[in-house]
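Participant: For reference, this is query14.csv, and it has CSV, C-alpha atoms.
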```csv
chain,number,residue,atom,x,y,z
A,571,MET,CA,-10.3,-37.5,90.2
A,572,GLY,CA,-9.7,-34.8,87.7
A,573,THR,CA,-10.5,-35.1,84.1
A,574,ARG,CA,-7.7,-35.2,81.5
A,575,GLY,CA,-7.1,-32.4,79.1
A,576,VAL,CA,-7.9,-32.7,75.4
A,577,PRO,CA,-4.8,-34.1,73.6
A,578,ALA,CA,-3.1,-31.9,71.0
A,579,LEU,CA,-4.1,-32.8,67.5
A,580,VAL,CA,-1.3,-34.0,65.1
A,581,ASP,CA,-0.9,-32.0,61.9
A,582,THR,CA,-1.6,-34.5,59.1
A,583,THR,CA,-1.3,-32.1,56.2
A,584,PRO,CA,0.9,-33.7,53.5
A,585,ALA,CA,4.1,-32.0,52.5
A,586,LYS,CA,4.3,-30.3,49.1
A,587,THR,CA,6.3,-31.9,46.3
A,588,ILE,CA,7.5,-29.7,43.4
A,589,LEU,CA,9.7,-30.2,40.3
A,590,VAL,CA,12.5,-27.7,39.9
A,591,TYR,CA,14.4,-27.0,36.7
A,592,ARG,CA,17.7,-25.1,36.2
A,593,ASN,CA,17.5,-21.8,34.5
A,594,GLY,CA,18.9,-21.8,30.9
A,595,ASP,CA,19.8,-25.5,30.9
A,596,PRO,CA,17.9,-27.4,28.1
A,597,PHE,CA,19.3,-30.8,29.2
A,598,TYR,CA,18.5,-30.7,32.9
A,599,VAL,CA,15.4,-32.9,33.3
A,600,GLY,CA,14.4,-31.5,36.7
A,601,ARG,CA,14.8,-32.4,40.3
A,602,ARG,CA,11.8,-33.5,42.5
A,603,VAL,CA,11.9,-31.7,45.9
A,604,VAL,CA,9.8,-32.4,49.0
A,605,LEU,CA,9.0,-29.4,51.2
A,606,PRO,CA,8.4,-30.4,54.8
A,607,ARG,CA,6.9,-27.7,57.0
A,608,ARG,CA,9.4,-28.0,59.7
A,609,ARG,CA,12.4,-27.5,57.5
A,610,ALA,CA,11.0,-25.0,54.9
A,611,ALA,CA,9.2,-22.7,57.4
A,612,THR,CA,10.2,-19.5,55.5
A,613,PHE,CA,10.9,-18.7,51.8
A,614,GLU,CA,14.6,-18.1,52.6
A,615,ALA,CA,14.8,-21.6,54.1
A,616,LEU,CA,13.3,-23.0,51.0
A,617,LEU,CA,15.9,-21.2,48.8
A,618,GLU,CA,18.7,-22.7,51.0
A,619,GLN,CA,17.2,-26.2,50.6
A,620,LEU,CA,17.0,-25.8,46.8
A,621,THR,CA,20.7,-24.6,46.8
A,622,GLU,CA,21.7,-27.9,48.3
A,623,GLN,CA,19.7,-30.0,45.9
A,624,VAL,CA,19.8,-28.1,42.6
A,625,PRO,CA,23.3,-27.2,41.3
A,626,VAL,CA,23.0,-23.5,40.4
A,627,PRO,CA,26.0,-21.2,40.1
A,628,PHE,CA,26.3,-18.9,43.3
A,629,GLY,CA,23.2,-20.6,44.8
A,630,VAL,CA,19.4,-20.3,44.2
A,631,ARG,CA,18.2,-16.7,44.7
A,632,ARG,CA,15.0,-16.6,42.7
A,633,LEU,CA,12.1,-19.0,41.7
A,634,PHE,CA,10.1,-18.6,38.5
A,635,THR,CA,7.2,-20.3,36.8
A,636,PRO,CA,8.4,-22.3,33.7
A,637,THR,CA,6.0,-20.9,31.1
A,638,ARG,CA,5.7,-17.2,31.6
A,639,GLY,CA,8.7,-16.6,34.0
A,640,ARG,CA,6.7,-14.9,36.8
A,641,PRO,CA,8.7,-14.8,40.1
A,642,VAL,CA,7.5,-16.7,43.1
A,643,LEU,CA,7.8,-14.6,46.3
A,644,GLU,CA,6.2,-16.6,49.1
A,645,LEU,CA,5.5,-20.2,50.2
A,646,ALA,CA,1.8,-19.9,49.8
A,647,ALA,CA,2.2,-19.4,46.1
A,648,LEU,CA,3.7,-22.8,45.6
A,649,GLN,CA,1.3,-25.5,44.5
A,650,ALA,CA,1.7,-29.2,45.2
A,651,GLY,CA,3.0,-31.0,42.1
A,652,GLY,CA,3.9,-27.7,40.5
A,653,LYS,CA,6.9,-27.0,38.2
A,654,TYR,CA,9.3,-24.1,38.8
A,655,VAL,CA,12.6,-22.8,37.5
A,656,ALA,CA,15.5,-22.1,40.0
A,657,ALA,CA,17.8,-19.3,39.1
A,658,GLY,CA,20.6,-17.1,40.6
A,659,ARG,CA,20.7,-13.4,40.2
A,660,GLU,CA,20.5,-13.6,36.4
A,661,ARG,CA,17.4,-13.0,34.3
A,662,PHE,CA,14.9,-15.7,33.4
A,663,GLN,CA,15.7,-17.5,30.2
A,664,LYS,CA,12.7,-18.7,28.1
A,665,LEU,CA,12.9,-22.4,27.3
A,666,ASP,CA,10.5,-25.3,26.9
A,667,TYR,CA,11.2,-26.6,30.4
A,668,ILE,CA,8.1,-28.8,30.6
A,669,HIS,CA,8.9,-30.9,27.6
A,670,ILE,CA,12.6,-31.6,28.5
A,671,VAL,CA,12.9,-35.4,28.2
A,672,PRO,CA,15.9,-37.4,29.5
A,673,ARG,CA,18.0,-38.7,26.6
A,674,LYS,CA,18.5,-42.4,26.2
A,675,PRO,CA,22.1,-43.7,26.3
A,676,ALA,CA,23.4,-44.5,22.9
A,677,LYS,CA,23.8,-48.2,22.1
A,678,MET,CA,27.3,-49.5,21.9
A,679,ARG,CA,28.1,-50.9,18.5
A,680,LYS,CA,29.4,-54.4,18.5
A,681,LEU,CA,32.8,-54.9,17.1
A,682,LYS,CA,32.6,-57.0,14.0
A,683,GLU,CA,35.2,-59.7,13.7
A,684,ILE,CA,37.4,-59.7,10.7
A,685,LYS,CA,36.4,-62.7,8.6
A,686,PRO,CA,38.7,-64.3,6.1
A,687,VAL,CA,38.1,-64.2,2.4
A,688,VAL,CA,36.3,-67.4,1.5
A,689,HIS,CA,37.4,-68.9,-1.8
A,690,CYS,CA,35.9,-72.4,-1.1
A,691,ASP,CA,33.6,-74.2,1.2
A,692,ILE,CA,36.3,-74.7,3.9
A,693,LYS,CA,35.9,-72.3,6.8
A,694,VAL,CA,39.3,-71.3,8.2
A,695,PRO,CA,39.5,-68.7,11.0
A,696,SER,CA,41.5,-65.6,10.3
A,697,ARG,CA,45.0,-65.3,11.8
A,698,TRP,CA,44.0,-62.2,13.7
A,699,GLN,CA,41.2,-64.0,15.4
A,700,THR,CA,43.4,-67.1,16.2
A,701,TYR,CA,46.2,-65.2,17.8
A,702,HIS,CA,44.4,-62.4,19.6
A,703,ARG,CA,40.8,-63.4,20.2
A,704,THR,CA,41.2,-66.9,21.8
A,705,SER,CA,42.9,-68.0,25.0
A,706,ARG,CA,45.6,-70.7,25.3
A,707,HIS,CA,45.5,-73.9,27.4
A,708,ILE,CA,49.1,-75.1,28.0
A,709,HIS,CA,50.9,-77.6,30.2
A,710,VAL,CA,54.2,-76.4,31.8
A,711,PHE,CA,57.0,-78.5,33.3
A,712,THR,CA,59.7,-77.1,35.7
A,713,ASN,CA,63.2,-77.1,34.3
A,714,GLY,CA,65.3,-80.0,35.6
A,715,ARG,CA,62.5,-81.5,37.7
A,716,LEU,CA,61.3,-84.5,35.8
A,717,PHE,CA,59.2,-86.1,38.6
A,718,ILE,CA,57.0,-83.0,39.1
A,719,PRO,CA,53.9,-83.3,36.9
A,720,PRO,CA,53.1,-80.5,34.5
A,721,THR,CA,50.9,-77.7,35.6
A,722,LYS,CA,47.9,-76.7,33.4
A,723,ILE,CA,47.7,-73.0,32.8
A,724,ILE,CA,45.0,-71.0,31.0
A,725,ILE,CA,46.4,-67.8,29.5
A,726,PRO,CA,43.6,-65.3,28.7
A,727,LYS,CA,43.5,-63.5,25.4
A,728,PHE,CA,44.2,-60.0,26.8
A,729,SER,CA,47.6,-61.3,28.2
A,730,LEU,CA,48.8,-62.7,24.8
A,731,THR,CA,49.7,-59.2,23.5
A,732,GLU,CA,52.7,-58.9,25.9
A,733,TRP,CA,55.3,-61.8,26.4
A,734,ASN,CA,56.3,-60.5,29.9
A,735,SER,CA,52.7,-60.9,31.0
A,736,VAL,CA,52.6,-64.4,29.8
A,737,LEU,CA,55.8,-65.3,31.7
A,738,ALA,CA,54.5,-63.6,34.8
A,739,MET,CA,51.3,-65.6,34.7
A,740,ILE,CA,53.2,-68.8,34.3
A,741,GLY,CA,55.4,-67.8,37.2
A,742,GLU,CA,52.4,-67.7,39.5
A,743,LYS,CA,52.0,-71.5,39.3
A,744,VAL,CA,55.4,-72.8,38.3
A,745,PHE,CA,58.4,-72.0,40.6
A,746,PRO,CA,61.9,-72.5,39.0
A,747,LEU,CA,64.9,-70.9,40.6
A,748,GLY,CA,64.9,-67.2,40.1
A,749,GLY,CA,61.3,-67.1,38.7
A,750,VAL,CA,60.2,-67.8,35.1
A,751,ARG,CA,62.5,-66.0,32.7
A,752,LYS,CA,62.4,-68.4,29.7
A,753,LEU,CA,60.0,-70.8,28.1
A,754,PHE,CA,61.2,-73.8,26.1
A,755,THR,CA,59.6,-76.6,24.2
A,756,MET,CA,60.3,-80.2,25.5
A,757,ASN,CA,63.2,-80.6,23.0
A,758,GLY,CA,64.9,-77.3,24.1
A,759,HIS,CA,63.7,-74.8,21.5
A,760,LEU,CA,63.5,-71.3,23.1
A,761,LEU,CA,60.2,-69.3,22.6
A,762,ASP,CA,60.3,-65.5,22.5
A,763,ASN,CA,56.8,-64.6,21.4
A,764,SER,CA,53.2,-65.5,22.3
A,765,LYS,CA,52.5,-66.3,18.7
A,766,ASP,CA,54.6,-69.5,19.1
A,767,LEU,CA,52.3,-70.8,21.8
A,768,GLN,CA,50.0,-73.6,20.7
A,769,ASP,CA,46.9,-74.8,22.4
A,770,GLN,CA,47.1,-78.0,24.5
A,771,HIS,CA,50.9,-78.2,24.1
A,772,PHE,CA,53.6,-79.0,26.6
A,773,TYR,CA,56.4,-76.6,27.5
A,774,VAL,CA,59.3,-76.2,30.0
A,775,ALA,CA,59.7,-73.1,32.2
A,776,ALA,CA,63.2,-72.1,33.3
A,777,GLY,CA,64.8,-69.2,35.2
A,778,LEU,CA,68.2,-67.7,34.4
A,779,GLU,CA,69.8,-71.2,34.1
A,780,SER,CA,70.2,-73.0,30.8
A,781,PHE,CA,67.8,-75.7,29.5
A,782,LYS,CA,68.3,-79.1,31.0
A,783,TYR,CA,67.8,-81.9,28.6
A,784,PHE,CA,65.5,-84.5,30.2
A,785,PRO,CA,62.9,-86.8,28.6
A,786,TYR,CA,59.9,-84.7,29.8
A,787,TRP,CA,57.7,-86.4,27.2
A,788,LYS,CA,58.0,-89.7,29.1
A,789,SER,CA,55.8,-88.3,31.9
A,790,PRO,CA,52.6,-90.3,32.4
A,791,ASN,CA,50.6,-87.0,32.1
A,792,VAL,CA,51.7,-86.5,28.5
A,793,PRO,CA,49.4,-88.1,25.9
A,794,SER,CA,50.7,-91.1,24.0
A,795,GLU,CA,50.7,-89.4,20.6
A,796,VAL,CA,52.9,-86.6,22.0
A,797,GLN,CA,55.3,-89.2,23.5
A,798,GLN,CA,55.5,-91.1,20.2
A,799,LYS,CA,56.3,-87.8,18.4
A,800,TYR,CA,59.2,-86.8,20.6
A,801,ALA,CA,60.5,-90.4,20.8
A,802,ASP,CA,60.7,-90.4,17.0
A,803,ILE,CA,62.6,-87.1,17.1
A,804,GLU,CA,65.1,-88.5,19.6
A,805,LYS,CA,65.7,-91.6,17.5
A,806,HIS,CA,66.3,-89.6,14.4
A,807,SER,CA,68.8,-87.3,16.2
A,808,ARG,CA,70.7,-90.4,17.5
A,809,ARG,CA,70.8,-92.0,14.1
A,810,LYS,CA,72.1,-88.8,12.6
A,811,LYS,CA,74.9,-88.5,15.2
A,812,LYS,CA,76.0,-92.1,14.5
A,813,GLU,CA,76.1,-91.4,10.8
A,814,ASP,CA,78.2,-88.3,11.4
A,815,SER,CA,80.6,-90.2,13.6
A,816,LYS,CA,81.1,-93.0,11.1
A,817,GLY,CA,81.6,-90.5,8.2
A,818,LYS,CA,84.6,-89.0,10.0
A,819,GLU,CA,87.9,-90.8,9.0
A,820,PRO,CA,91.0,-90.9,11.3
A,821,PRO,CA,93.7,-88.4,10.4
A,822,LYS,CA,96.4,-89.6,8.0
A,823,HIS,CA,100.1,-89.0,8.6
A,824,ASP,CA,101.4,-90.1,5.2
A,825,ASN,CA,102.5,-86.6,4.2
A,826,ILE,CA,104.7,-86.2,7.4
A,827,PRO,CA,108.3,-87.0,6.7
A,828,PRO,CA,110.0,-89.8,8.7
A,829,ARG,CA,112.4,-87.4,10.3
A,830,ALA,CA,109.6,-85.4,11.8
A,831,GLN,CA,108.0,-88.6,13.1
A,832,ASP,CA,111.1,-89.5,15.0
A,833,SER,CA,111.0,-86.1,16.8
A,834,VAL,CA,110.1,-85.9,20.4
A,835,PHE,CA,107.3,-83.4,19.6
A,836,TYR,CA,105.5,-85.8,17.3
A,837,ALA,CA,102.6,-87.6,18.9
A,838,LYS,CA,102.9,-91.3,18.2
A,839,GLY,CA,100.2,-93.9,18.5
A,840,GLN,CA,102.1,-96.3,20.7
A,841,LYS,CA,100.7,-97.2,24.1
A,842,LYS,CA,103.0,-96.5,27.0
A,843,THR,CA,102.8,-98.0,30.4
A,844,LEU,CA,101.9,-95.6,33.2
A,845,VAL,CA,104.5,-97.1,35.7
A,846,GLU,CA,108.0,-98.2,34.6
A,847,PRO,CA,110.5,-100.0,36.8
A,848,LEU,CA,113.3,-97.9,38.2
A,849,ILE,CA,116.7,-99.0,37.0
A,850,GLN,CA,119.8,-97.8,38.6
A,851,GLY,CA,122.1,-95.9,36.3
A,852,GLY,CA,125.4,-94.1,36.6
A,853,ALA,CA,128.4,-94.9,38.7
A,854,GLU,CA,126.8,-93.9,42.0
A,855,GLY,CA,123.6,-95.9,41.3
A,856,ASP,CA,121.3,-92.9,41.5
A,857,VAL,CA,117.8,-93.6,40.3
A,858,TYR,CA,117.4,-90.0,39.2
A,859,LYS,CA,120.3,-90.1,36.7
A,860,ALA,CA,119.6,-90.8,33.1
A,861,GLN,CA,120.4,-94.2,31.7
A,862,THR,CA,122.2,-92.8,28.6
A,863,PRO,CA,124.3,-89.7,28.8
A,864,ASN,CA,122.9,-86.5,27.1
A,865,THR,CA,124.9,-85.5,24.0
A,866,GLU,CA,124.3,-81.8,24.6
A,867,THR,CA,126.0,-81.9,28.1
A,868,GLN,CA,129.0,-84.0,27.1
A,869,GLY,CA,132.3,-82.2,27.5
A,870,VAL,CA,130.8,-79.4,29.6
A,871,PRO,CA,132.7,-78.6,32.9
A,872,GLU,CA,130.8,-79.2,36.1
A,873,VAL,CA,130.1,-76.1,38.2
A,874,THR,CA,131.0,-76.7,41.8
A,875,GLU,CA,128.9,-75.3,44.6
A,876,ASP,CA,130.1,-72.2,46.5
A,877,GLN,CA,131.1,-72.6,50.2
A,878,TYR,CA,128.8,-69.8,51.2
A,879,VAL,CA,125.8,-71.3,49.7
A,880,GLN,CA,123.4,-72.3,52.5
A,881,VAL,CA,121.3,-75.4,52.0
A,882,GLU,CA,118.0,-75.6,53.8
A,883,VAL,CA,117.6,-79.1,55.2
A,884,PRO,CA,114.2,-80.5,56.1
A,885,LEU,CA,113.3,-80.7,59.8
A,886,ASP,CA,113.3,-84.5,59.9
A,887,GLN,CA,116.9,-84.6,58.5
A,888,ARG,CA,118.4,-82.0,60.9
A,889,PRO,CA,120.5,-83.2,63.9
A,890,ALA,CA,118.8,-83.2,67.3
A,891,GLU,CA,119.6,-80.2,69.6
A,892,ILE,CA,119.8,-80.3,73.4
A,893,VAL,CA,117.2,-78.1,75.0
A,894,LYS,CA,118.1,-76.6,78.4
A,895,GLU,CA,115.7,-76.6,81.2
A,896,VAL,CA,114.1,-73.4,82.7
A,897,GLU,CA,116.2,-73.6,85.9
A,898,GLU,CA,119.5,-73.8,84.0
A,899,ILE,CA,118.5,-70.8,81.9
A,900,HIS,CA,117.9,-68.8,85.1
A,901,ASP,CA,121.2,-69.9,86.6
A,902,ASP,CA,123.2,-68.9,83.5
A,903,ALA,CA,121.4,-65.6,83.1
A,904,PRO,CA,123.3,-62.6,84.6
A,905,ASP,CA,122.2,-61.0,87.9
A,906,PHE,CA,120.3,-57.9,86.7
A,907,GLU,CA,119.5,-56.7,90.2
A,908,SER,CA,123.1,-56.5,91.4
A,909,ASN,CA,124.1,-54.6,88.2
A,910,LYS,CA,121.3,-52.2,88.8
A,911,GLU,CA,122.4,-51.4,92.3
A,912,LYS,CA,126.0,-50.8,91.2
A,913,GLU,CA,124.7,-48.5,88.5
A,914,ASP,CA,122.7,-46.5,91.0
A,915,GLU,CA,125.7,-46.1,93.4
A,916,ARG,CA,127.8,-44.8,90.5
A,917,LEU,CA,125.2,-42.3,89.5
A,918,TYR,CA,124.9,-41.1,93.2
A,919,GLU,CA,128.7,-40.6,93.5
A,920,ASP,CA,128.8,-38.6,90.3
A,921,ASN,CA,126.0,-36.4,91.5
A,922,GLU,CA,127.7,-35.8,94.9
A,923,GLY,CA,131.0,-34.9,93.2
A,924,LYS,CA,129.3,-32.4,90.9
A,925,ARG,CA,127.5,-30.8,93.8
A,926,LEU,CA,130.7,-30.4,95.9
A,927,SER,CA,132.5,-28.9,92.9
A,928,ARG,CA,129.8,-26.3,92.4
A,929,THR,CA,129.8,-25.4,96.1
A,930,SER,CA,133.6,-24.9,96.2
A,931,ALA,CA,133.4,-22.7,93.2
A,932,ARG,CA,130.9,-20.5,94.8
A,933,ILE,CA,133.0,-20.2,98.0
A,934,LYS,CA,136.0,-19.2,95.9
A,935,LYS,CA,134.0,-16.5,94.2
A,936,TRP,CA,132.8,-15.1,97.5
A,937,LEU,CA,136.3,-15.0,99.0
A,938,HIS,CA,137.6,-13.2,95.9
A,939,PHE,CA,134.8,-10.6,96.2
A,940,LEU,CA,135.5,-9.9,99.9
A,941,LYS,CA,139.2,-9.6,99.3
A,942,LYS,CA,138.6,-7.2,96.4
A,943,ASN,CA,136.4,-4.9,98.5
A,944,ASN,CA,138.7,-5.1,101.6
A,945,MET,CA,136.1,-6.8,103.6
A,946,THR,CA,136.4,-9.5,106.3
A,947,TRP,CA,134.5,-12.7,106.7
```
Could you write out this structure as structure tokens?
Facilitator:
Amino acid sequence: MGTRGVPALVDTTPAKTILVYRNGDPFYVGRRVVLPRRRAATFEALLEQLTEQVPVPFGVRRLFTPTRGRPVLELAALQAGGKYVAAGRERFQKLDYIHIVPRKPAKMRKLKEIKPVVHCDIKVPSRWQTYHRTSRHIHVFTNGRLFIPPTKIIIPKFSLTEWNSVLAMIGEKVFPLGGVRKLFTMNGHLLDNSKDLQDQHFYVAAGLESFKYFPYWKSPNVPSEVQQKYADIEKHSRRKKKEDSKGKEPPKHDNIPPRAQDSVFYAKGQKKTLVEPLIQGGAEGDVYKAQTPNTETQGVPEVTEDQYVQVEVPLDQRPAEIVKEVEEIHDDAPDFESNKEKEDERLYEDNEGKRLSRTSARIKKWLHFLKKNNMTW
């Protein structure tokens, strides 16, 4: 058995780590760069690596020491943990690179709320804080759907600035016909601004249709105090309508003269029966004739009907007509085939006569030509 060769030793030399600043930049805190031997085998490869990691205009072309600005020309001159300045083709700019410290972010100032002027011990929130700094918790019914319970909706404070955003948020949970376009109170008052919204109140969402008056406050989900409030409002409105109806007096007709009251155009308060018995009137006993003669038509001569006037009689009053059968119609119809044969024969005879007359005329012309030229047939 042969002996094995000595295994190759692994290079355990640690890679160099340097801190690189940017030339002429007093706010660049430096970039820590690791230089492995395999990647940074030459100084040109090192410059390419620094170009990728340090943002320098037109790439890194030179490397300087930070204090005196001496150029570094080879990899052996780099020290582990050293600090250097990367530059392009421009000259070295002297700055205190070593003491560049990253700036701490400025603290955001807290917005102070506008507080009301206090004239007494009662603390009342300002109107600005009430309308724009707090959210709303409302309960919304669907228009015309009394048996659907109200939906609880939380409207955040940033949505209260635009009324369309409030309606759109309500439309995500309440679904009337055509989407939410209007918002009413339970007694039919239309809202047009988010300032009218009150916390823990009940409203009715509607689309393009009008508000439908239903007792929404009678829903079991509505608190008892709210039900009592709207019930009192309804009682008050009913009482007011009754008082208004009692206060109205019937119209008086004392100032109308009796002659005008006898006129046919004057509306009288007598009750007339809808159906009256038909009484025969006139000499002929026609029910359509008036019982009493009209004074305007007395003495006027009657206009007789013209003999050429055609009167249209209904179908049920016309006399019955005899309808012929199909066979009788064919028997009575003329013989179209025989007539056609006769017509063809007549046309044929006419054509033969015309042809013979043309032939005889040609013969006569030919004989006249022979005779004129002293020629024989």
Participant: So which residues touch Arg602 of chain A within 12 Å, counting only C-alpha atoms, skipping near sequence neighbours fewer than 3 positions away, as an mmCIF file with C-alpha atoms, in the coordinates of the input?
Facilitator:
```cif
data_model
loop_
_atom_site.group_PDB
_atom_site.id
_atom_site.type_symbol
_atom_site.label_atom_id
_atom_site.label_comp_id
_atom_site.auth_asym_id
_atom_site.auth_seq_id
_atom_site.Cartn_x
_atom_site.Cartn_y
_atom_site.Cartn_z
ATOM 1 C CA LYS A 586 4.300 -30.300 49.100
ATOM 2 C CA THR A 587 6.300 -31.900 46.300
ATOM 3 C CA ILE A 588 7.500 -29.700 43.400
ATOM 4 C CA LEU A 589 9.700 -30.200 40.300
ATOM 5 C CA VAL A 590 12.500 -27.700 39.900
ATOM 6 C CA TYR A 591 14.400 -27.000 36.700
ATOM 7 C CA VAL A 599 15.400 -32.900 33.300
ATOM 8 C CA LEU A 605 9.000 -29.400 51.200
ATOM 9 C CA LEU A 620 17.000 -25.800 46.800
ATOM 10 C CA GLN A 623 19.700 -30.000 45.900
ATOM 11 C CA VAL A 624 19.800 -28.100 42.600
ATOM 12 C CA ALA A 650 1.700 -29.200 45.200
ATOM 13 C CA GLY A 651 3.000 -31.000 42.100
ATOM 14 C CA GLY A 652 3.900 -27.700 40.500
ATOM 15 C CA LYS A 653 6.900 -27.000 38.200
ATOM 16 C CA TYR A 654 9.300 -24.100 38.800
ATOM 17 C CA VAL A 655 12.600 -22.800 37.500
#
```
Participant: Rounded to one decimal in Å, what is the spacing between atom CA of Tyr598 of chain A and atom CA of Val671 of chain A?
Facilitator: 8.7 Å
Participant: One number please: atom CA of Asp769 of chain A to atom CA of Lys799 of chain A, in Å, one decimal.
Facilitator: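 One can read the atom CA of Asp769 of chain A to atom CA of Lys799 of chain A distance as 16.5 Å.
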Participant: For each of A:Phe662, A:Phe613, A:Phe745, A:Tyr667, take the minimum atom-to-atom distance to Phe597 of chain A, counting only C-alpha atoms, then give the residue where this is smallest.
Facilitator: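 Residue with the minimum atom-to-atom distance to Phe597 of chain A: A:Tyr667.
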Participant: Around the point (12.4, -21.9, 35.3) (coordinates from the file), which residues reach within 10 Å if we count only C-alpha atoms? Answer as a list in words.
Facilitator: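 Every residue inside that radius is included here: Val590, Tyr591, Arg592, Asn593, Gly594, Asp595, Gly600, Arg632, Leu633, Phe634, Thr635, Pro636, Thr637, Arg638, Gly639, Arg640, Pro641, Lys653, Tyr654, Val655, Ala656, Ala657, Phe662, Gln663, Lys664, Leu665, Asp666, Tyr667 and Ile668 of chain A.
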Participant: Can you measure atom CA of Met756 of chain A to atom CA of Ile724 of chain A for me? One decimal in Å is fine.
Facilitator: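 Taking atom CA of Met756 of chain A as the start and atom CA of Ile724 of chain A as the end point, the length is 18.7 Å.
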Participant: For Tyr783 of chain A, please output as a PyMOL selection string all residues within 9 Å (counting all atoms listed in the file; exclusion window: fewer than 5 positions along the same chain).
Facilitator: chain A and resi 713-714+756-758
Participant: For Pro746 of chain A, which residue among A:Ala776, A:Leu648, A:Ile723, A:Leu937 is the nearest when counting all atoms listed in the file?
Facilitator: A:Ala776
Participant: Using only the atoms of segment 773-790 of chain A listed in the file, plus 8 Å on each side, state the axis-aligned box centre and edge lengths in Å rounded to one decimal, as JSON.
Facilitator:
```
{"center_x": 61.4, "center_y": -79.0, "center_z": 31.2, "size_x": 33.6, "size_y": 38.6, "size_z": 24.0}
```
Participant: Would you please work out which residue, of A:His709, A:Lys934, A:His806, A:His759, is nearest to Ser789 of chain A when using only C-alpha atoms?
Facilitator: A:His709
Participant: Identify which of the residues A:Tyr773, A:Lys782, A:Lys816, A:Val750 lies closest to Val736 of chain A, counting only C-alpha atoms when measuring atom-to-atom distances.
Facilitator: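 Of the candidates, the smallest distance to Val736 of chain A is held by A:Val750.
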Participant: Restricting the calculation to all atoms listed in the file, which member of A:Pro596, A:Asn943, A:Arg916, A:Arg715 is positioned closest to His669 of chain A?
Facilitator: A:Pro596
